[in-house]
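K.L.:
My structure file coords-v2.txt, compact mmCIF, C-alpha atoms, is below:
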# COMPACT_ATOMS: atom_id res chain seq x y z
CA ARG A 1 33.59 5.39 -8.17
CA ILE A 2 35.91 2.62 -9.22
CA SER A 3 35.81 1.09 -5.75
CA LYS A 4 32.02 0.74 -5.95
CA ALA A 5 32.24 -0.84 -9.42
CA ARG A 6 34.81 -3.33 -8.12
CA PHE A 7 32.55 -4.10 -5.16
CA TRP A 8 29.59 -4.84 -7.46
CA ALA A 9 31.81 -6.82 -9.85
CA THR A 10 32.84 -9.14 -7.03
CA GLN A 11 29.24 -10.05 -6.24
CA SER A 12 28.92 -7.24 -3.64
CA ARG A 13 30.46 -9.49 -1.04
CA ASP A 14 30.79 -7.70 2.26
CA GLN A 15 33.97 -7.82 4.36
CA ALA A 16 32.96 -10.75 6.55
CA ARG A 17 34.27 -14.23 7.23
CA HIS A 18 31.04 -15.73 5.88
CA TYR A 19 29.45 -14.96 2.54
CA GLN A 20 27.28 -11.92 3.06
CA HIS A 21 25.82 -9.63 0.41
CA SER A 22 24.13 -6.41 1.46
CA GLU A 23 23.64 -5.24 -2.15
CA LEU A 24 22.83 -6.85 -5.46
CA GLY A 25 26.13 -7.81 -7.06
CA PHE A 26 27.44 -9.39 -10.22
CA ASN A 27 30.31 -11.60 -11.25
CA TYR A 28 31.85 -9.53 -14.03
CA ARG A 29 35.41 -10.55 -13.43
CA MET A 30 37.16 -12.12 -16.39
CA SER A 31 39.82 -14.77 -16.07
CA ASN A 32 42.92 -14.69 -18.25
CA VAL A 33 41.65 -17.82 -20.00
CA ALA A 34 38.31 -16.17 -20.83
CA ALA A 35 40.17 -13.08 -22.04
CA GLY A 36 42.35 -15.23 -24.30
CA ILE A 37 39.33 -17.00 -25.77
CA GLY A 38 37.62 -13.66 -26.35
CA ARG A 39 40.68 -12.26 -28.07
CA GLY A 40 40.82 -15.29 -30.36
CA GLN A 41 37.14 -14.92 -31.24
CA LEU A 42 37.66 -11.31 -32.27
CA LYS A 43 39.72 -12.59 -35.19
CA VAL A 44 36.63 -14.28 -36.68
CA LEU A 45 34.05 -11.71 -35.58
CA ASP A 46 33.39 -10.38 -39.09
CA GLN A 47 32.71 -13.88 -40.45
CA ARG A 48 30.41 -14.67 -37.52
CA VAL A 49 28.41 -11.46 -37.97
CA ALA A 50 28.10 -12.20 -41.71
CA LYS A 51 26.78 -15.71 -40.92
CA LYS A 52 24.30 -14.30 -38.36
CA ASN A 53 23.08 -11.88 -41.02
CA TYR A 54 22.71 -14.77 -43.49
CA ILE A 55 20.72 -16.80 -40.96
CA PHE A 56 18.39 -13.90 -40.15
CA GLU A 57 17.79 -13.14 -43.84
CA PHE A 58 17.13 -16.84 -44.50
CA TYR A 59 14.46 -16.98 -41.78
CA GLN A 60 12.96 -13.67 -42.84
CA ARG A 61 12.76 -14.75 -46.49
CA GLU A 62 11.30 -18.20 -45.71
CA LEU A 63 8.99 -17.36 -42.80
CA GLY A 64 8.29 -13.63 -43.11
CA GLY A 65 5.35 -14.13 -45.48
CA LEU A 66 3.43 -16.40 -43.10
CA GLU A 67 0.30 -14.98 -41.51
CA GLY A 68 1.04 -13.28 -38.20
CA VAL A 69 4.85 -13.51 -38.44
CA GLU A 70 6.99 -10.41 -38.01
CA PHE A 71 10.74 -9.97 -37.74
CA MET A 72 12.62 -7.17 -36.08
CA PRO A 73 12.82 -4.26 -38.51
CA SER A 74 16.14 -2.61 -39.23
CA ASN A 75 16.92 0.99 -40.07
CA GLU A 76 18.94 2.49 -42.89
CA TRP A 77 21.10 4.35 -40.36
CA ASP A 78 22.42 1.31 -38.49
CA GLU A 79 24.10 -1.98 -39.18
CA PRO A 80 22.54 -4.73 -37.05
CA ASN A 81 24.59 -7.79 -36.15
CA TYR A 82 21.54 -10.13 -35.99
CA TRP A 83 23.22 -12.00 -33.16
CA LEU A 84 19.88 -13.58 -32.38
CA SER A 85 17.16 -14.33 -34.92
CA SER A 86 13.78 -13.80 -33.34
CA MET A 87 10.26 -13.25 -34.57
CA THR A 88 6.90 -12.33 -33.10
CA LEU A 89 3.61 -14.09 -33.73
CA THR A 90 0.20 -12.45 -33.75
CA GLY A 91 -1.94 -15.05 -35.52
CA LYS A 92 -3.37 -18.48 -34.73
CA VAL A 93 0.05 -20.08 -34.42
CA ARG A 94 1.46 -19.23 -31.01
CA PRO A 95 5.04 -19.42 -29.70
CA ILE A 96 4.29 -22.57 -27.68
CA ASP A 97 3.25 -24.30 -30.91
CA ILE A 98 6.64 -23.53 -32.43
CA PHE A 99 8.52 -24.56 -29.29
CA ASP A 100 6.64 -27.88 -29.24
CA VAL A 101 7.10 -28.84 -32.91
CA LEU A 102 10.77 -27.91 -32.88
CA GLU A 103 11.35 -29.77 -29.61
CA ALA A 104 9.70 -32.86 -31.13
CA GLU A 105 12.42 -32.67 -33.82
CA ASN A 106 15.14 -32.16 -31.19
CA ILE A 107 15.59 -28.52 -32.27
CA GLU A 108 16.04 -25.97 -29.51
CA SER A 109 14.14 -22.68 -29.48
CA ARG A 110 13.28 -20.27 -26.70
CA PRO A 111 10.97 -17.44 -25.77
CA VAL A 112 12.47 -13.98 -25.92
CA TRP A 113 13.75 -12.70 -22.59
CA LYS A 114 11.34 -12.26 -19.75
CA PRO A 115 11.11 -8.57 -18.84
CA MET A 116 13.13 -7.58 -15.79
CA HIS A 117 10.12 -6.19 -13.93
CA LEU A 118 8.45 -9.63 -14.18
CA GLN A 119 11.46 -11.43 -12.68
CA PRO A 120 10.83 -12.56 -9.08
CA PHE A 121 13.78 -10.57 -7.75
CA PHE A 122 12.40 -7.28 -9.09
CA GLU A 123 8.66 -7.79 -8.57
CA LYS A 124 8.62 -5.63 -5.42
CA TYR A 125 10.00 -2.60 -7.29
CA ASP A 126 8.07 0.05 -9.15
CA PHE A 127 7.83 -0.21 -12.92
CA VAL A 128 6.93 2.36 -15.55
CA GLY A 129 6.06 1.14 -19.02
CA GLU A 130 3.43 0.59 -21.66
CA GLY A 131 3.36 -3.20 -21.92
CA ILE A 132 5.65 -3.48 -24.95
CA SER A 133 8.15 -5.81 -23.28
CA GLU A 134 5.33 -8.04 -22.01
CA LYS A 135 3.91 -8.33 -25.54
CA LEU A 136 7.32 -9.22 -26.95
CA PHE A 137 7.77 -11.88 -24.23
CA GLU A 138 4.30 -13.29 -24.83
CA ASN A 139 4.59 -13.36 -28.64
CA GLY A 140 8.32 -13.76 -29.28
CA VAL A 141 10.31 -16.77 -30.47
CA CYS A 142 14.11 -17.00 -30.53
CA LEU A 143 15.00 -19.23 -33.46
CA PRO A 144 18.13 -21.41 -33.67
CA SER A 145 20.93 -19.20 -34.95
CA ASP A 146 24.25 -20.88 -34.27
CA THR A 147 26.92 -19.92 -36.80
CA LYS A 148 27.67 -23.61 -37.36
CA MET A 149 24.19 -24.16 -38.84
CA THR A 150 24.19 -25.41 -42.41
CA ASP A 151 21.62 -24.63 -45.08
CA GLU A 152 20.19 -28.10 -44.43
CA ASP A 153 19.81 -27.24 -40.74
CA LEU A 154 18.05 -23.99 -41.60
CA GLU A 155 15.76 -25.75 -44.08
CA ARG A 156 14.85 -28.31 -41.43
CA VAL A 157 13.90 -25.58 -38.96
CA VAL A 158 11.90 -23.66 -41.56
CA GLU A 159 10.05 -26.72 -42.89
CA THR A 160 9.16 -27.83 -39.37
CA ILE A 161 7.76 -24.40 -38.54
CA LYS A 162 5.91 -24.01 -41.86
CA GLY A 163 4.13 -27.26 -41.11
CA LEU A 164 2.09 -25.40 -38.50
CA TRP A 165 0.59 -23.19 -41.21
CA PHE A 166 0.13 -25.84 -43.88
CA LYS A 167 -1.54 -28.74 -42.08
How does this structure look as structure tokens?

P.N.:
Amino acid sequence: RISKARFWATQSRDQARHYQHSELGFNYRMSNVAAGIGRGQLKVLDQRVAKKNYIFEFYQRELGGLEGVEFMPSNEWDEPNYWLSSMTLTGKVRPIDIFDVLEAENIESRPVWKPMHLQPFFEKYDFVGEGISEKLFENGVCLPSDTKMTDEDLERVVETIKGLWFK
């Protein structure tokens, strides 16, 4: 159903003079400029993935031993890209504590993504699950992981966070 995919990809806009959407749609179209940028970024993809791996391993090494801190495990049978470095907290230090201390240092961090079934748009729909996504949202922290981060930047993040454990 290529016609249906095209309909959804153009925000499910109905054939009407005014903007009308009878279905949930998306804006998945890609301009030639965006395609050109993406093509250029593919040339440095391997270096970016290596840097993301370095950042994740740095955080895991420096923060993984703190009480209540866990990082996403990896398997022997896959090769993760570590595009986002995140951790979960189960101890006294809570995600909001980390968000607050990092923000005070002008360092951005975020919660992990809010589960889809908790989003206002989807709240009227049925959901089947065991609460895993809610726990990850409640306990998760996305750490700064830009590939332009230096070792000094990473140290600053780590030292700021460690301060919550060693007051």

K.L.:
Can you tell me which residues surround region 154-166 of chain A at a distance of at most 8 Å, considering only C-alpha atoms, apart from same-chain residues fewer than 6 positions away, and format the answer as a list in words?

P.N.:
Ile55, Phe58, Tyr59, Glu62, Leu63, Leu66, Val93, Asp97, Ile98, Val101, Leu102, Ile107 and Pro144 of chain A

K.L.:
Between CA of Ser3 (chain A) and CA of Val33 (chain A), measure the distance and give it in Å to one decimal.

P.N.:
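A separation of 24.4 Å between them.
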
K.L.:
Would you mind reading off the distance between CA of Gly64 (chain A) and CA of Met149 (chain A), one decimal, in Å?

P.N.:
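Interatomic distance here is 19.5 Å.
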
K.L.:
Which value, in Å to one decimal, gives the distance between CA of Ser145 (chain A) and CA of Trp83 (chain A)?

P.N.:
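Those two atoms sit 7.8 Å apart.
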
K.L.:
Find, counting all atoms listed in the file, the residue in A:Lys51, A:Lys43, A:Arg61, A:Arg110 that gets nearest to Tyr82 (chain A).

P.N.:
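Going through A:Lys51, A:Lys43, A:Arg61, A:Arg110 one by one, the smallest distance to Tyr82 (chain A) is for A:Lys51.
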
K.L.:
Using only C-alpha atoms, pick whichever of A:Trp113, A:Phe56, A:Phe127, A:Phe122 has the shortest atom-to-atom distance to Leu143 (chain A).

P.N.:
A:Phe56

K.L.:
Place N, CA, C and O atoms on region 16-36 of chain A and deliver the coordinates as a PDB file, in the frame of the given file.

P.N.:
ATOM      1  N   ALA A  16      33.369  -9.881   5.443  1.00  0.00           N
ATOM      2  CA  ALA A  16      32.960 -10.750   6.550  1.00  0.00           C
ATOM      3  C   ALA A  16      33.552 -12.130   6.297  1.00  0.00           C
ATOM      4  O   ALA A  16      33.840 -12.494   5.154  1.00  0.00           O
ATOM      5  N   ARG A  17      33.720 -12.882   7.363  1.00  0.00           N
ATOM      6  CA  ARG A  17      34.270 -14.230   7.230  1.00  0.00           C
ATOM      7  C   ARG A  17      33.321 -15.113   6.407  1.00  0.00           C
ATOM      8  O   ARG A  17      33.746 -15.924   5.609  1.00  0.00           O
ATOM      9  N   HIS A  18      32.039 -14.945   6.620  1.00  0.00           N
ATOM     10  CA  HIS A  18      31.040 -15.730   5.880  1.00  0.00           C
ATOM     11  C   HIS A  18      30.617 -14.958   4.633  1.00  0.00           C
ATOM     12  O   HIS A  18      30.912 -13.768   4.495  1.00  0.00           O
ATOM     13  N   TYR A  19      29.937 -15.623   3.742  1.00  0.00           N
ATOM     14  CA  TYR A  19      29.450 -14.960   2.540  1.00  0.00           C
ATOM     15  C   TYR A  19      28.233 -14.128   2.895  1.00  0.00           C
ATOM     16  O   TYR A  19      27.201 -14.668   3.303  1.00  0.00           O
ATOM     17  N   GLN A  20      28.373 -12.841   2.746  1.00  0.00           N
ATOM     18  CA  GLN A  20      27.280 -11.920   3.060  1.00  0.00           C
ATOM     19  C   GLN A  20      27.233 -10.868   1.969  1.00  0.00           C
ATOM     20  O   GLN A  20      28.269 -10.338   1.565  1.00  0.00           O
ATOM     21  N   HIS A  21      26.009 -10.583   1.510  1.00  0.00           N
ATOM     22  CA  HIS A  21      25.820  -9.630   0.410  1.00  0.00           C
ATOM     23  C   HIS A  21      24.727  -8.648   0.823  1.00  0.00           C
ATOM     24  O   HIS A  21      23.563  -9.018   0.895  1.00  0.00           O
ATOM     25  N   SER A  22      25.108  -7.419   1.069  1.00  0.00           N
ATOM     26  CA  SER A  22      24.130  -6.410   1.460  1.00  0.00           C
ATOM     27  C   SER A  22      23.557  -5.654   0.264  1.00  0.00           C
ATOM     28  O   SER A  22      22.619  -4.890   0.413  1.00  0.00           O
ATOM     29  N   GLU A  23      24.122  -5.858  -0.916  1.00  0.00           N
ATOM     30  CA  GLU A  23      23.640  -5.240  -2.150  1.00  0.00           C
ATOM     31  C   GLU A  23      23.614  -6.285  -3.261  1.00  0.00           C
ATOM     32  O   GLU A  23      24.312  -7.294  -3.183  1.00  0.00           O
ATOM     33  N   LEU A  24      22.833  -6.001  -4.284  1.00  0.00           N
ATOM     34  CA  LEU A  24      22.830  -6.850  -5.460  1.00  0.00           C
ATOM     35  C   LEU A  24      24.184  -6.721  -6.146  1.00  0.00           C
ATOM     36  O   LEU A  24      24.660  -5.619  -6.384  1.00  0.00           O
ATOM     37  N   GLY A  25      24.825  -7.845  -6.415  1.00  0.00           N
ATOM     38  CA  GLY A  25      26.130  -7.810  -7.060  1.00  0.00           C
ATOM     39  C   GLY A  25      26.148  -8.682  -8.290  1.00  0.00           C
ATOM     40  O   GLY A  25      25.176  -9.366  -8.617  1.00  0.00           O
ATOM     41  N   PHE A  26      27.273  -8.661  -8.977  1.00  0.00           N
ATOM     42  CA  PHE A  26      27.440  -9.390 -10.220  1.00  0.00           C
ATOM     43  C   PHE A  26      28.799 -10.050 -10.225  1.00  0.00           C
ATOM     44  O   PHE A  26      29.670  -9.699  -9.435  1.00  0.00           O
ATOM     45  N   ASN A  27      29.010 -10.966 -11.121  1.00  0.00           N
ATOM     46  CA  ASN A  27      30.310 -11.600 -11.250  1.00  0.00           C
ATOM     47  C   ASN A  27      30.857 -11.243 -12.627  1.00  0.00           C
ATOM     48  O   ASN A  27      30.809 -12.031 -13.553  1.00  0.00           O
ATOM     49  N   TYR A  28      31.357 -10.033 -12.750  1.00  0.00           N
ATOM     50  CA  TYR A  28      31.850  -9.530 -14.030  1.00  0.00           C
ATOM     51  C   TYR A  28      33.347  -9.685 -14.214  1.00  0.00           C
ATOM     52  O   TYR A  28      33.903  -9.179 -15.161  1.00  0.00           O
ATOM     53  N   ARG A  29      33.971 -10.355 -13.285  1.00  0.00           N
ATOM     54  CA  ARG A  29      35.410 -10.550 -13.430  1.00  0.00           C
ATOM     55  C   ARG A  29      35.675 -11.481 -14.609  1.00  0.00           C
ATOM     56  O   ARG A  29      34.885 -12.362 -14.919  1.00  0.00           O
ATOM     57  N   MET A  30      36.793 -11.283 -15.248  1.00  0.00           N
ATOM     58  CA  MET A  30      37.160 -12.120 -16.390  1.00  0.00           C
ATOM     59  C   MET A  30      38.515 -12.754 -16.114  1.00  0.00           C
ATOM     60  O   MET A  30      39.473 -12.061 -15.801  1.00  0.00           O
ATOM     61  N   SER A  31      38.550 -14.068 -16.259  1.00  0.00           N
ATOM     62  CA  SER A  31      39.820 -14.770 -16.070  1.00  0.00           C
ATOM     63  C   SER A  31      40.718 -14.538 -17.281  1.00  0.00           C
ATOM     64  O   SER A  31      40.256 -14.149 -18.357  1.00  0.00           O
ATOM     65  N   ASN A  32      42.001 -14.830 -17.118  1.00  0.00           N
ATOM     66  CA  ASN A  32      42.920 -14.690 -18.250  1.00  0.00           C
ATOM     67  C   ASN A  32      42.578 -15.680 -19.351  1.00  0.00           C
ATOM     68  O   ASN A  32      42.772 -15.400 -20.530  1.00  0.00           O
ATOM     69  N   VAL A  33      42.050 -16.833 -18.990  1.00  0.00           N
ATOM     70  CA  VAL A  33      41.650 -17.820 -20.000  1.00  0.00           C
ATOM     71  C   VAL A  33      40.468 -17.287 -20.816  1.00  0.00           C
ATOM     72  O   VAL A  33      40.466 -17.350 -22.049  1.00  0.00           O
ATOM     73  N   ALA A  34      39.459 -16.731 -20.122  1.00  0.00           N
ATOM     74  CA  ALA A  34      38.310 -16.170 -20.830  1.00  0.00           C
ATOM     75  C   ALA A  34      38.733 -15.003 -21.719  1.00  0.00           C
ATOM     76  O   ALA A  34      38.247 -14.848 -22.844  1.00  0.00           O
ATOM     77  N   ALA A  35      39.665 -14.198 -21.238  1.00  0.00           N
ATOM     78  CA  ALA A  35      40.170 -13.080 -22.040  1.00  0.00           C
ATOM     79  C   ALA A  35      40.874 -13.591 -23.293  1.00  0.00           C
ATOM     80  O   ALA A  35      40.706 -13.035 -24.386  1.00  0.00           O
ATOM     81  N   GLY A  36      41.655 -14.653 -23.155  1.00  0.00           N
ATOM     82  CA  GLY A  36      42.350 -15.230 -24.300  1.00  0.00           C
ATOM     83  C   GLY A  36      41.391 -15.789 -25.327  1.00  0.00           C
ATOM     84  O   GLY A  36      41.572 -15.604 -26.541  1.00  0.00           O
TER      85      GLY A  36
END
